[in-house]
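Below is one structure, written out as structure tokens; comments come after it.
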Amino acid sequence: MAETIVEVQEFVDVTDSTNSLASTTASTPPLEEQPFLLHRSLNERPHTVVSASGSYLTLDNGRKILDACGGAAVAILGHGNTEVATAVSNQMSKVSYVHTLSYGTNSSEELAKCILDTPGFDHGLVKAFFVGSGSEANDAAMKMARQYWFEKGETQRTRFVARRQAYHGNTFGAMSVSGMVGRKVPYQGVLMPNVALVSAADAFHHRRADEDETQFVERLVAETEAELVLLGPDTVISFIGETVSGAALGSMPAPKGYWPAIRKLCDKYGILLHLDEVMCGTGRLGTYFAFEQEGDIRPDIVTLGKGLGGGYAPIAGMLINDRIVQGLRQGTSAFNHGHTYQAHPVTCAASLAVQRIVKREGLIERVAKLGPTLGDMVRTAFAGAKYVGDIRGRGFFWSVEFVKDKSTKQPFASSLHFGGLVTRAAFDKGVAVYPGAGTVDGLVGDHVTLAPAYNATVKEMQLAVTTLRIAYDAIVESLD
Ligand SMILES: *Cc1c(COP(=O)(O)O)cnc(C)c1O
């Protein structure tokens, strides 16, 4: 199986100080000064945010930061929305918790309806399952897909096919189907072995000069089919992919025709198609689902996260189509999976409030309308920039990829942490963007991502983009 093996010495420390925004303390502080909370690094403390409103965060030192990435493309409504706060508080005082084994609540049922009941748009998804994180949603989807085949008596289906340079989460299941090799290094030999990884749908790094987009898609699909045939297509449970790649590749859409071709391939062998829209879904690209922009394709399973709760609650979801439901019905009629906090009434109430505001205020339409404007701002700001290899994205999801040499697309050495330096410089100038390292192959490559709130003003977006360019120039100047 095509799993890349990397030496442990090459482990990319994703919590490296230069790649985060935290204030570094060089030496280990005395025990009495150390935080009790296990932060991402033992050596540094993140900035403390004391309040947050709209697109701005206020730090404990009084500084205001323009949040141009909503954490990791999470805060779709911005911060401090009082309508959501009221909905949460109301739900808390009505029903704060019941166990789903015996009870249901209106907020979870209404949230499912709000997402799935879309008159005039037949996506085929009929049921929702809510959990606390994108990783859990993807694990649930993997178990659901396996159970589907189990109920049908096709117990020989034990494998997942996913893609390199993909991120599906940090739990053992979700990480097993992820392709970020740097993050996986400490768990080699422990992660699930029954995963085959095929090439990412990454035209910037992998389309050959002698190929057009169609030929590139044909090559990707042929490679995937060859892998399926090698594995034995009737041993494969599902194909898993981010409709538009998120953190690993930096808001990279697949080439035109890729997803319909993958759907066709899955149909040919009866394999389930699981689209991970934890980052690119819930309106981030200007349509509720990212797959709506990929032609007439219907996934069997879709996972949502980040924007589902908009940061107001830890919530993610798995959506399944009728085929999966019918599969369960043929067998036990029960999903053999569950969590204490699944479909939690308060997190569902928070999410429902967020989704209703987004609908009422036409914010997804706003993202669709202003997305190209944001893209133009980034392109204009970085026109002619020596170390910018690619600018890509859709909707309110744009990334700038840095390269050492534009003509060869050669990345900077990972030890330079170019993306991290730019991110930090932007932060020092008052703008938070989301850094990505290992863009090329999980080890080298740098990008930064902008993912503003759906209600961010054009002025705020322009300020973020202009500041990002100033930050980039400052880093370039310090290197030359
Ligand atoms: C963030 C992310 C996940 C993991 O979600 P968590 O809530 O961090 O567990 C999974 N898939 C994609 C595409 C993501 O961007």
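Scheme for the structure tokens: letters A, B, ... for chains in order shown; per-chain residue numbers from 1; ligand numbers from 1 in order shown.
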Determine, using only C-alpha atoms and all ligand atoms, which residues of chain A have any atom at most 9 Å from an atom of ligand 1, and tabulate each with its shortest atom pair and distance in Å to one decimal place, rows ordered by chain and then rising number, as JSON lines.
{"residue": "A:Ala72", "atom": "CA", "partner": "ligand 1", "partner_atom_place_in_ligand_line": "1 (C)", "distance": 7.2}
{"residue": "A:Ala73", "atom": "CA", "partner": "ligand 1", "partner_atom_place_in_ligand_line": "15 (O)", "distance": 8.2}
{"residue": "A:Val74", "atom": "CA", "partner": "ligand 1", "partner_atom_place_in_ligand_line": "1 (C)", "distance": 8.8}
{"residue": "A:Gly132", "atom": "CA", "partner": "ligand 1", "partner_atom_place_in_ligand_line": "7 (O)", "distance": 7.2}
{"residue": "A:Ser133", "atom": "CA", "partner": "ligand 1", "partner_atom_place_in_ligand_line": "7 (O)", "distance": 3.7}
{"residue": "A:Gly134", "atom": "CA", "partner": "ligand 1", "partner_atom_place_in_ligand_line": "5 (O)", "distance": 3.2}
{"residue": "A:Ser135", "atom": "CA", "partner": "ligand 1", "partner_atom_place_in_ligand_line": "9 (O)", "distance": 3.6}
{"residue": "A:Glu136", "atom": "CA", "partner": "ligand 1", "partner_atom_place_in_ligand_line": "9 (O)", "distance": 6.3}
{"residue": "A:Ala137", "atom": "CA", "partner": "ligand 1", "partner_atom_place_in_ligand_line": "9 (O)", "distance": 7.8}
{"residue": "A:Asn138", "atom": "CA", "partner": "ligand 1", "partner_atom_place_in_ligand_line": "10 (C)", "distance": 6.9}
{"residue": "A:Ala166", "atom": "CA", "partner": "ligand 1", "partner_atom_place_in_ligand_line": "13 (C)", "distance": 7.4}
{"residue": "A:Tyr167", "atom": "CA", "partner": "ligand 1", "partner_atom_place_in_ligand_line": "12 (C)", "distance": 5.4}
{"residue": "A:His168", "atom": "CA", "partner": "ligand 1", "partner_atom_place_in_ligand_line": "11 (N)", "distance": 3.6}
{"residue": "A:Gly169", "atom": "CA", "partner": "ligand 1", "partner_atom_place_in_ligand_line": "4 (C)", "distance": 3.8}
{"residue": "A:Asn170", "atom": "CA", "partner": "ligand 1", "partner_atom_place_in_ligand_line": "9 (O)", "distance": 6.2}
{"residue": "A:Thr171", "atom": "CA", "partner": "ligand 1", "partner_atom_place_in_ligand_line": "9 (O)", "distance": 7.5}
{"residue": "A:Ala174", "atom": "CA", "partner": "ligand 1", "partner_atom_place_in_ligand_line": "10 (C)", "distance": 7.5}
{"residue": "A:Ser178", "atom": "CA", "partner": "ligand 1", "partner_atom_place_in_ligand_line": "11 (N)", "distance": 8.8}
{"residue": "A:Gly241", "atom": "CA", "partner": "ligand 1", "partner_atom_place_in_ligand_line": "13 (C)", "distance": 8.3}
{"residue": "A:Glu242", "atom": "CA", "partner": "ligand 1", "partner_atom_place_in_ligand_line": "13 (C)", "distance": 5.7}
{"residue": "A:Thr243", "atom": "CA", "partner": "ligand 1", "partner_atom_place_in_ligand_line": "13 (C)", "distance": 8.6}
{"residue": "A:Val244", "atom": "CA", "partner": "ligand 1", "partner_atom_place_in_ligand_line": "13 (C)", "distance": 8.4}
{"residue": "A:Ser245", "atom": "CA", "partner": "ligand 1", "partner_atom_place_in_ligand_line": "13 (C)", "distance": 6.8}
{"residue": "A:Gly246", "atom": "CA", "partner": "ligand 1", "partner_atom_place_in_ligand_line": "15 (O)", "distance": 5.4}
{"residue": "A:Ala247", "atom": "CA", "partner": "ligand 1", "partner_atom_place_in_ligand_line": "15 (O)", "distance": 5.9}
{"residue": "A:Ala248", "atom": "CA", "partner": "ligand 1", "partner_atom_place_in_ligand_line": "15 (O)", "distance": 8.4}
{"residue": "A:Asp276", "atom": "CA", "partner": "ligand 1", "partner_atom_place_in_ligand_line": "13 (C)", "distance": 5.5}
{"residue": "A:Glu277", "atom": "CA", "partner": "ligand 1", "partner_atom_place_in_ligand_line": "13 (C)", "distance": 5.8}
{"residue": "A:Val278", "atom": "CA", "partner": "ligand 1", "partner_atom_place_in_ligand_line": "12 (C)", "distance": 4.6}
{"residue": "A:Met279", "atom": "CA", "partner": "ligand 1", "partner_atom_place_in_ligand_line": "15 (O)", "distance": 4.2}
{"residue": "A:Cys280", "atom": "CA", "partner": "ligand 1", "partner_atom_place_in_ligand_line": "13 (C)", "distance": 7.1}
{"residue": "A:Thr303", "atom": "CA", "partner": "ligand 1", "partner_atom_place_in_ligand_line": "11 (N)", "distance": 8.0}
{"residue": "A:Leu304", "atom": "CA", "partner": "ligand 1", "partner_atom_place_in_ligand_line": "11 (N)", "distance": 8.1}
{"residue": "A:Gly305", "atom": "CA", "partner": "ligand 1", "partner_atom_place_in_ligand_line": "7 (O)", "distance": 6.1}
{"residue": "A:Lys306", "atom": "CA", "partner": "ligand 1", "partner_atom_place_in_ligand_line": "7 (O)", "distance": 6.3}
{"residue": "A:Pro314", "atom": "CA", "partner": "ligand 1", "partner_atom_place_in_ligand_line": "7 (O)", "distance": 7.6}
{"residue": "A:Ile315", "atom": "CA", "partner": "ligand 1", "partner_atom_place_in_ligand_line": "7 (O)", "distance": 7.7}
{"residue": "A:Ala316", "atom": "CA", "partner": "ligand 1", "partner_atom_place_in_ligand_line": "7 (O)", "distance": 7.0}
Write a file of the selected residues as an mmCIF file, in the first residue's frame, keeping N, CA and C atoms.
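Final file, again.cif:
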data_model
loop_
_atom_site.group_PDB
_atom_site.id
_atom_site.type_symbol
_atom_site.label_atom_id
_atom_site.label_comp_id
_atom_site.auth_asym_id
_atom_site.auth_seq_id
_atom_site.Cartn_x
_atom_site.Cartn_y
_atom_site.Cartn_z
ATOM 1 N N ALA A 72 -9.250 28.432 12.485
ATOM 2 C CA ALA A 72 -8.969 27.636 11.294
ATOM 3 C C ALA A 72 -10.233 27.578 10.450
ATOM 4 N N ALA A 73 -10.632 28.730 9.908
ATOM 5 C CA ALA A 73 -11.846 28.810 9.079
ATOM 6 C C ALA A 73 -13.076 28.359 9.863
ATOM 7 N N VAL A 74 -13.145 28.793 11.104
ATOM 8 C CA VAL A 74 -14.219 28.358 11.999
ATOM 9 C C VAL A 74 -15.275 29.454 12.192
ATOM 10 N N GLY A 132 -18.707 15.987 18.351
ATOM 11 C CA GLY A 132 -18.046 17.154 18.896
ATOM 12 C C GLY A 132 -16.889 17.715 18.087
ATOM 13 N N SER A 133 -16.428 16.996 17.066
ATOM 14 C CA SER A 133 -15.286 17.498 16.292
ATOM 15 C C SER A 133 -15.267 16.861 14.914
ATOM 16 N N GLY A 134 -14.541 17.505 14.008
ATOM 17 C CA GLY A 134 -14.408 16.978 12.660
ATOM 18 C C GLY A 134 -13.768 15.600 12.639
ATOM 19 N N SER A 135 -12.806 15.394 13.518
ATOM 20 C CA SER A 135 -12.148 14.082 13.586
ATOM 21 C C SER A 135 -13.160 13.005 13.951
ATOM 22 N N GLU A 136 -13.971 13.309 14.957
ATOM 23 C CA GLU A 136 -15.009 12.344 15.357
ATOM 24 C C GLU A 136 -15.999 12.102 14.227
ATOM 25 N N ALA A 137 -16.342 13.153 13.508
ATOM 26 C CA ALA A 137 -17.292 13.001 12.396
ATOM 27 C C ALA A 137 -16.698 12.078 11.335
ATOM 28 N N ASN A 138 -15.417 12.243 11.047
ATOM 29 C CA ASN A 138 -14.790 11.384 10.041
ATOM 30 C C ASN A 138 -14.646 9.950 10.541
ATOM 31 N N ALA A 166 -3.791 15.233 2.464
ATOM 32 C CA ALA A 166 -5.155 15.497 2.928
ATOM 33 C C ALA A 166 -5.133 15.519 4.447
ATOM 34 N N TYR A 167 -6.037 16.295 5.020
ATOM 35 C CA TYR A 167 -6.166 16.282 6.476
ATOM 36 C C TYR A 167 -7.597 15.941 6.847
ATOM 37 N N HIS A 168 -7.757 14.873 7.595
ATOM 38 C CA HIS A 168 -9.093 14.462 8.012
ATOM 39 C C HIS A 168 -9.249 14.442 9.531
ATOM 40 N N GLY A 169 -8.193 14.759 10.269
ATOM 41 C CA GLY A 169 -8.334 14.839 11.716
ATOM 42 C C GLY A 169 -7.210 14.154 12.460
ATOM 43 N N ASN A 170 -7.303 14.226 13.762
ATOM 44 C CA ASN A 170 -6.205 13.789 14.624
ATOM 45 C C ASN A 170 -6.477 12.526 15.429
ATOM 46 N N THR A 171 -7.689 12.002 15.402
ATOM 47 C CA THR A 171 -7.926 10.722 16.076
ATOM 48 C C THR A 171 -7.260 9.624 15.245
ATOM 49 N N ALA A 174 -9.183 9.005 11.834
ATOM 50 C CA ALA A 174 -9.090 10.129 10.893
ATOM 51 C C ALA A 174 -7.644 10.373 10.471
ATOM 52 N N SER A 178 -5.480 10.312 6.710
ATOM 53 C CA SER A 178 -4.881 11.589 6.345
ATOM 54 C C SER A 178 -3.531 11.350 5.679
ATOM 55 N N GLY A 241 -12.170 12.042 0.561
ATOM 56 C CA GLY A 241 -11.412 13.208 0.113
ATOM 57 C C GLY A 241 -12.070 14.514 0.529
ATOM 58 N N GLU A 242 -11.256 15.539 0.720
ATOM 59 C CA GLU A 242 -11.780 16.893 0.951
ATOM 60 C C GLU A 242 -12.182 17.444 -0.417
ATOM 61 N N THR A 243 -13.393 17.909 -0.549
ATOM 62 C CA THR A 243 -13.871 18.394 -1.841
ATOM 63 C C THR A 243 -12.945 19.504 -2.348
ATOM 64 N N VAL A 244 -12.671 20.462 -1.470
ATOM 65 C CA VAL A 244 -11.611 21.440 -1.715
ATOM 66 C C VAL A 244 -10.628 21.278 -0.559
ATOM 67 N N SER A 245 -9.382 21.025 -0.878
ATOM 68 C CA SER A 245 -8.401 20.735 0.168
ATOM 69 C C SER A 245 -8.244 21.913 1.108
ATOM 70 N N GLY A 246 -8.128 21.625 2.402
ATOM 71 C CA GLY A 246 -8.101 22.685 3.394
ATOM 72 C C GLY A 246 -6.718 23.006 3.907
ATOM 73 N N ALA A 247 -6.426 22.594 5.133
ATOM 74 C CA ALA A 247 -5.201 23.003 5.807
ATOM 75 C C ALA A 247 -3.946 22.463 5.132
ATOM 76 N N ALA A 248 -3.992 21.240 4.645
ATOM 77 C CA ALA A 248 -2.774 20.610 4.132
ATOM 78 C C ALA A 248 -2.291 21.272 2.840
ATOM 79 N N ASP A 276 -15.159 14.947 2.753
ATOM 80 C CA ASP A 276 -14.871 15.655 4.003
ATOM 81 C C ASP A 276 -14.974 17.154 3.726
ATOM 82 N N GLU A 277 -16.062 17.754 4.192
ATOM 83 C CA GLU A 277 -16.265 19.199 4.011
ATOM 84 C C GLU A 277 -16.222 19.911 5.357
ATOM 85 N N VAL A 278 -15.406 19.372 6.255
ATOM 86 C CA VAL A 278 -15.279 19.974 7.587
ATOM 87 C C VAL A 278 -14.795 21.420 7.470
ATOM 88 N N MET A 279 -13.878 21.674 6.532
ATOM 89 C CA MET A 279 -13.352 23.024 6.388
ATOM 90 C C MET A 279 -14.016 23.789 5.237
ATOM 91 N N CYS A 280 -14.296 23.104 4.147
ATOM 92 C CA CYS A 280 -14.763 23.815 2.941
ATOM 93 C C CYS A 280 -16.277 23.881 2.831
ATOM 94 N N THR A 303 -19.055 14.961 5.665
ATOM 95 C CA THR A 303 -18.793 15.398 7.032
ATOM 96 C C THR A 303 -18.609 16.914 7.057
ATOM 97 N N LEU A 304 -19.178 17.511 8.089
ATOM 98 C CA LEU A 304 -19.096 18.958 8.308
ATOM 99 C C LEU A 304 -18.481 19.207 9.677
ATOM 100 N N GLY A 305 -17.935 20.401 9.891
ATOM 101 C CA GLY A 305 -17.383 20.719 11.215
ATOM 102 C C GLY A 305 -17.261 22.211 11.338
ATOM 103 N N LYS A 306 -16.054 22.638 11.610
ATOM 104 C CA LYS A 306 -15.682 24.053 11.752
ATOM 105 C C LYS A 306 -16.845 25.062 11.663
ATOM 106 N N PRO A 314 -18.512 23.284 20.194
ATOM 107 C CA PRO A 314 -17.763 22.219 19.532
ATOM 108 C C PRO A 314 -18.739 21.234 18.901
ATOM 109 N N ILE A 315 -18.972 21.378 17.623
ATOM 110 C CA ILE A 315 -19.935 20.497 16.953
ATOM 111 C C ILE A 315 -19.484 20.202 15.530
ATOM 112 N N ALA A 316 -19.724 18.981 15.120
ATOM 113 C CA ALA A 316 -19.444 18.549 13.753
ATOM 114 C C ALA A 316 -20.528 17.551 13.382
#
Running DSSP on the backbone, which parts of range 40-241 of chain A land in strand (DSSP E or B), as a CSV table (one decimal) with N, CA, C and O atoms, in the first residue's frame?
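Saved to states.csv:
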chain,number,residue,atom,x,y,z
A,44,GLU,N,6.1,27.5,25.2
A,44,GLU,CA,5.6,28.8,24.9
A,44,GLU,C,4.1,28.9,25.4
A,44,GLU,O,3.4,27.9,25.4
A,45,ARG,N,3.7,30.1,25.6
A,45,ARG,CA,2.3,30.3,26.0
A,45,ARG,C,1.6,31.1,24.9
A,45,ARG,O,2.1,32.1,24.4
A,49,VAL,N,-6.7,35.8,25.0
A,49,VAL,CA,-7.7,36.7,24.4
A,49,VAL,C,-8.7,36.9,25.5
A,49,VAL,O,-9.2,36.0,26.1
A,50,VAL,N,-9.0,38.2,25.8
A,50,VAL,CA,-9.9,38.5,26.9
A,50,VAL,C,-11.3,38.9,26.4
A,50,VAL,O,-12.3,38.7,27.1
A,51,SER,N,-11.4,39.3,25.1
A,51,SER,CA,-12.7,39.5,24.6
A,51,SER,C,-12.6,39.4,23.1
A,51,SER,O,-11.5,39.6,22.5
A,52,ALA,N,-13.7,39.2,22.4
A,52,ALA,CA,-13.7,39.1,21.0
A,52,ALA,C,-15.1,39.5,20.5
A,52,ALA,O,-16.1,39.2,21.0
A,53,SER,N,-15.0,40.4,19.4
A,53,SER,CA,-16.3,40.9,18.9
A,53,SER,C,-16.2,41.1,17.4
A,53,SER,O,-15.2,41.7,16.9
A,54,GLY,N,-17.1,40.6,16.6
A,54,GLY,CA,-17.0,40.8,15.2
A,54,GLY,C,-15.8,40.1,14.6
A,54,GLY,O,-15.4,39.0,15.0
A,56,TYR,N,-12.8,41.1,15.4
A,56,TYR,CA,-11.6,41.5,16.2
A,56,TYR,C,-11.5,40.7,17.5
A,56,TYR,O,-12.5,40.4,18.2
A,57,LEU,N,-10.2,40.4,17.8
A,57,LEU,CA,-9.9,39.8,19.1
A,57,LEU,C,-9.2,40.8,19.9
A,57,LEU,O,-8.4,41.6,19.4
A,58,THR,N,-9.4,40.9,21.2
A,58,THR,CA,-8.7,41.8,22.1
A,58,THR,C,-7.8,40.9,23.1
A,58,THR,O,-8.3,40.0,23.8
A,59,LEU,N,-6.5,41.2,23.1
A,59,LEU,CA,-5.6,40.4,23.9
A,59,LEU,C,-5.5,41.1,25.3
A,59,LEU,O,-5.9,42.2,25.5
A,64,LYS,N,-5.5,44.9,19.7
A,64,LYS,CA,-6.6,44.4,19.0
A,64,LYS,C,-6.1,43.7,17.7
A,64,LYS,O,-5.2,44.2,17.0
A,65,ILE,N,-6.6,42.5,17.5
A,65,ILE,CA,-6.1,41.7,16.3
A,65,ILE,C,-7.3,41.5,15.4
A,65,ILE,O,-8.4,41.0,15.8
A,66,LEU,N,-7.1,41.8,14.1
A,66,LEU,CA,-8.1,41.5,13.1
A,66,LEU,C,-8.0,40.0,12.7
A,66,LEU,O,-7.0,39.5,12.2
A,67,ASP,N,-9.1,39.3,13.0
A,67,ASP,CA,-9.0,37.8,12.8
A,67,ASP,C,-9.5,37.5,11.4
A,67,ASP,O,-10.7,37.5,11.1
A,79,HIS,N,-17.1,37.0,15.9
A,79,HIS,CA,-17.1,36.7,17.4
A,79,HIS,C,-18.2,37.4,18.1
A,79,HIS,O,-18.6,38.5,17.7
A,125,LEU,N,-28.9,13.6,0.6
A,125,LEU,CA,-28.5,13.4,2.0
A,125,LEU,C,-29.8,13.5,2.9
A,125,LEU,O,-30.5,14.4,2.8
A,126,VAL,N,-30.0,12.4,3.7
A,126,VAL,CA,-31.3,12.4,4.4
A,126,VAL,C,-31.2,12.3,5.9
A,126,VAL,O,-32.2,12.5,6.6
A,127,LYS,N,-30.0,12.0,6.5
A,127,LYS,CA,-29.9,11.9,7.9
A,127,LYS,C,-28.6,12.5,8.4
A,127,LYS,O,-27.6,12.4,7.7
A,128,ALA,N,-28.7,13.1,9.6
A,128,ALA,CA,-27.5,13.7,10.2
A,128,ALA,C,-27.2,13.1,11.5
A,128,ALA,O,-28.1,12.7,12.3
A,129,PHE,N,-25.9,13.1,11.8
A,129,PHE,CA,-25.4,12.5,13.1
A,129,PHE,C,-24.4,13.6,13.7
A,129,PHE,O,-23.5,14.0,13.0
A,130,PHE,N,-24.6,14.1,14.9
A,130,PHE,CA,-23.8,15.2,15.4
A,130,PHE,C,-22.9,14.7,16.5
A,130,PHE,O,-23.3,14.0,17.4
A,131,VAL,N,-21.6,15.2,16.3
A,131,VAL,CA,-20.6,14.8,17.3
A,131,VAL,C,-19.8,16.1,17.7
A,131,VAL,O,-20.3,17.2,17.3
A,159,ARG,N,-10.9,-1.9,3.5
A,159,ARG,CA,-9.9,-0.9,3.2
A,159,ARG,C,-10.5,0.5,2.8
A,159,ARG,O,-11.6,0.5,2.3
A,160,PHE,N,-9.7,1.5,3.1
A,160,PHE,CA,-10.1,2.8,2.8
A,160,PHE,C,-9.1,3.3,1.7
A,160,PHE,O,-7.9,3.0,1.8
A,161,VAL,N,-9.6,4.1,0.8
A,161,VAL,CA,-8.7,4.8,-0.2
A,161,VAL,C,-8.9,6.3,0.1
A,161,VAL,O,-10.0,6.8,0.1
A,162,ALA,N,-7.8,6.9,0.4
A,162,ALA,CA,-7.8,8.4,0.6
A,162,ALA,C,-6.6,9.0,-0.2
A,162,ALA,O,-6.1,8.4,-1.1
A,163,ARG,N,-6.3,10.2,0.2
A,163,ARG,CA,-5.3,10.9,-0.7
A,163,ARG,C,-4.1,11.5,0.1
A,163,ARG,O,-4.3,11.9,1.3
A,195,VAL,N,-5.1,1.3,4.7
A,195,VAL,CA,-5.4,2.6,4.1
A,195,VAL,C,-4.5,2.7,2.9
A,195,VAL,O,-3.3,2.6,3.1
A,196,ALA,N,-5.0,3.0,1.7
A,196,ALA,CA,-4.2,3.2,0.6
A,196,ALA,C,-4.3,4.7,0.2
A,196,ALA,O,-5.4,5.2,0.2
A,197,LEU,N,-3.2,5.4,0.0
A,197,LEU,CA,-3.2,6.8,-0.4
A,197,LEU,C,-2.9,7.0,-1.8
A,197,LEU,O,-1.9,6.4,-2.3
A,198,VAL,N,-3.7,7.7,-2.5
A,198,VAL,CA,-3.4,8.1,-3.9
A,198,VAL,C,-3.0,9.5,-4.0
A,198,VAL,O,-3.1,10.3,-3.0
A,236,VAL,N,-12.7,-2.6,-1.0
A,236,VAL,CA,-12.6,-1.2,-0.6
A,236,VAL,C,-13.9,-0.7,0.0
A,236,VAL,O,-15.0,-1.0,-0.6
A,237,ILE,N,-13.9,-0.1,1.1
A,237,ILE,CA,-15.1,0.4,1.8
A,237,ILE,C,-15.5,1.8,1.2
A,237,ILE,O,-16.6,1.9,0.7
A,238,SER,N,-14.6,2.7,1.2
A,238,SER,CA,-14.9,4.1,0.7
A,238,SER,C,-13.7,4.8,0.2
A,238,SER,O,-12.6,4.5,0.5
A,239,PHE,N,-14.0,5.8,-0.7
A,239,PHE,CA,-13.0,6.8,-1.1
A,239,PHE,C,-13.2,8.0,-0.3
A,239,PHE,O,-14.4,8.5,-0.2
A,240,ILE,N,-12.2,8.5,0.4
A,240,ILE,CA,-12.4,9.7,1.2
A,240,ILE,C,-11.5,10.9,0.7
A,240,ILE,O,-10.3,10.7,0.4
A,241,GLY,N,-12.2,12.0,0.6
A,241,GLY,CA,-11.4,13.2,0.1
A,241,GLY,C,-12.1,14.5,0.5
A,241,GLY,O,-13.3,14.6,0.7
message: For a test of reading the model, state the distance in Å between CA of Phe150 in chain A and CA of Thr332 in chain A, rounded to one decimal.
response: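 Distance between the two atoms: 10.1 Å.
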task: Mind listing the helix (DSSP H, G or I) residues of range 393-477 of chain A, per DSSP on the backbone, as a ChimeraX atom specification?
output: /A:414-416,418-428,458-477
Contact residues around range 341-345 of chain A with only C-alpha atoms at 8 Å, ignoring same-chain residues under 5 positions, as a PyMOL selection string: chain A and resi 91+95-100+105-108+129-132
I need the chosen residues saved as a compact mmCIF listing (two decimals), in the first residue's frame, with N, CA, C and O atoms.
# COMPACT_ATOMS: atom_id res chain seq x y z
N GLN A 91 -31.36 27.43 25.68
CA GLN A 91 -31.33 25.96 25.63
C GLN A 91 -30.80 25.40 26.95
O GLN A 91 -31.34 24.42 27.46
N VAL A 95 -33.20 22.47 28.44
CA VAL A 95 -32.63 21.13 28.61
C VAL A 95 -31.13 21.25 28.35
O VAL A 95 -30.72 21.58 27.24
N SER A 96 -30.32 21.01 29.36
CA SER A 96 -28.88 21.13 29.14
C SER A 96 -28.27 19.84 28.63
O SER A 96 -27.34 19.84 27.84
N TYR A 97 -28.81 18.71 29.08
CA TYR A 97 -28.25 17.43 28.62
C TYR A 97 -29.22 16.29 28.86
O TYR A 97 -29.85 16.22 29.92
N VAL A 98 -29.32 15.41 27.88
CA VAL A 98 -29.94 14.10 28.08
C VAL A 98 -29.17 13.10 27.24
O VAL A 98 -28.48 13.48 26.29
N HIS A 99 -29.25 11.84 27.59
CA HIS A 99 -28.50 10.83 26.84
C HIS A 99 -29.33 10.35 25.65
O HIS A 99 -30.52 10.07 25.79
N THR A 100 -28.67 10.24 24.49
CA THR A 100 -29.40 9.92 23.25
C THR A 100 -29.91 8.48 23.22
O THR A 100 -30.70 8.13 22.34
N THR A 105 -33.94 15.69 21.61
CA THR A 105 -34.27 17.08 21.94
C THR A 105 -34.65 17.82 20.65
O THR A 105 -34.29 17.39 19.55
N ASN A 106 -35.37 18.90 20.81
CA ASN A 106 -35.81 19.65 19.64
C ASN A 106 -34.64 20.31 18.91
O ASN A 106 -34.63 20.38 17.69
N SER A 107 -33.65 20.79 19.65
CA SER A 107 -32.58 21.54 18.98
C SER A 107 -31.80 20.65 18.02
O SER A 107 -31.45 21.08 16.92
N SER A 108 -31.55 19.40 18.41
CA SER A 108 -30.78 18.52 17.53
C SER A 108 -31.62 18.13 16.30
O SER A 108 -31.11 18.09 15.18
N PHE A 129 -25.88 13.07 11.85
CA PHE A 129 -25.39 12.54 13.12
C PHE A 129 -24.41 13.58 13.66
O PHE A 129 -23.47 13.96 12.95
N PHE A 130 -24.64 14.08 14.87
CA PHE A 130 -23.81 15.18 15.37
C PHE A 130 -22.85 14.73 16.47
O PHE A 130 -23.25 14.02 17.39
N VAL A 131 -21.62 15.16 16.33
CA VAL A 131 -20.57 14.83 17.30
C VAL A 131 -19.83 16.12 17.68
O VAL A 131 -20.29 17.21 17.34
N GLY A 132 -18.71 15.99 18.35
CA GLY A 132 -18.05 17.15 18.90
C GLY A 132 -16.89 17.71 18.09
O GLY A 132 -16.39 18.79 18.38
statement: CA of Ala425 in chain A to CA of Tyr312 in chain A measures 28.1 Å
task: Find the spatial neighbours of range 399-410 of chain A, counting only C-alpha atoms, within a cut-off of 10 Å - ignore same-chain residues fewer than 4 positions away - and output them as a PyMOL selection string.
output: chain A and resi 204-205+246-247+249-252+375+378-379+382+385-394+418-419+422+433-437+439-440+444-451+468+472
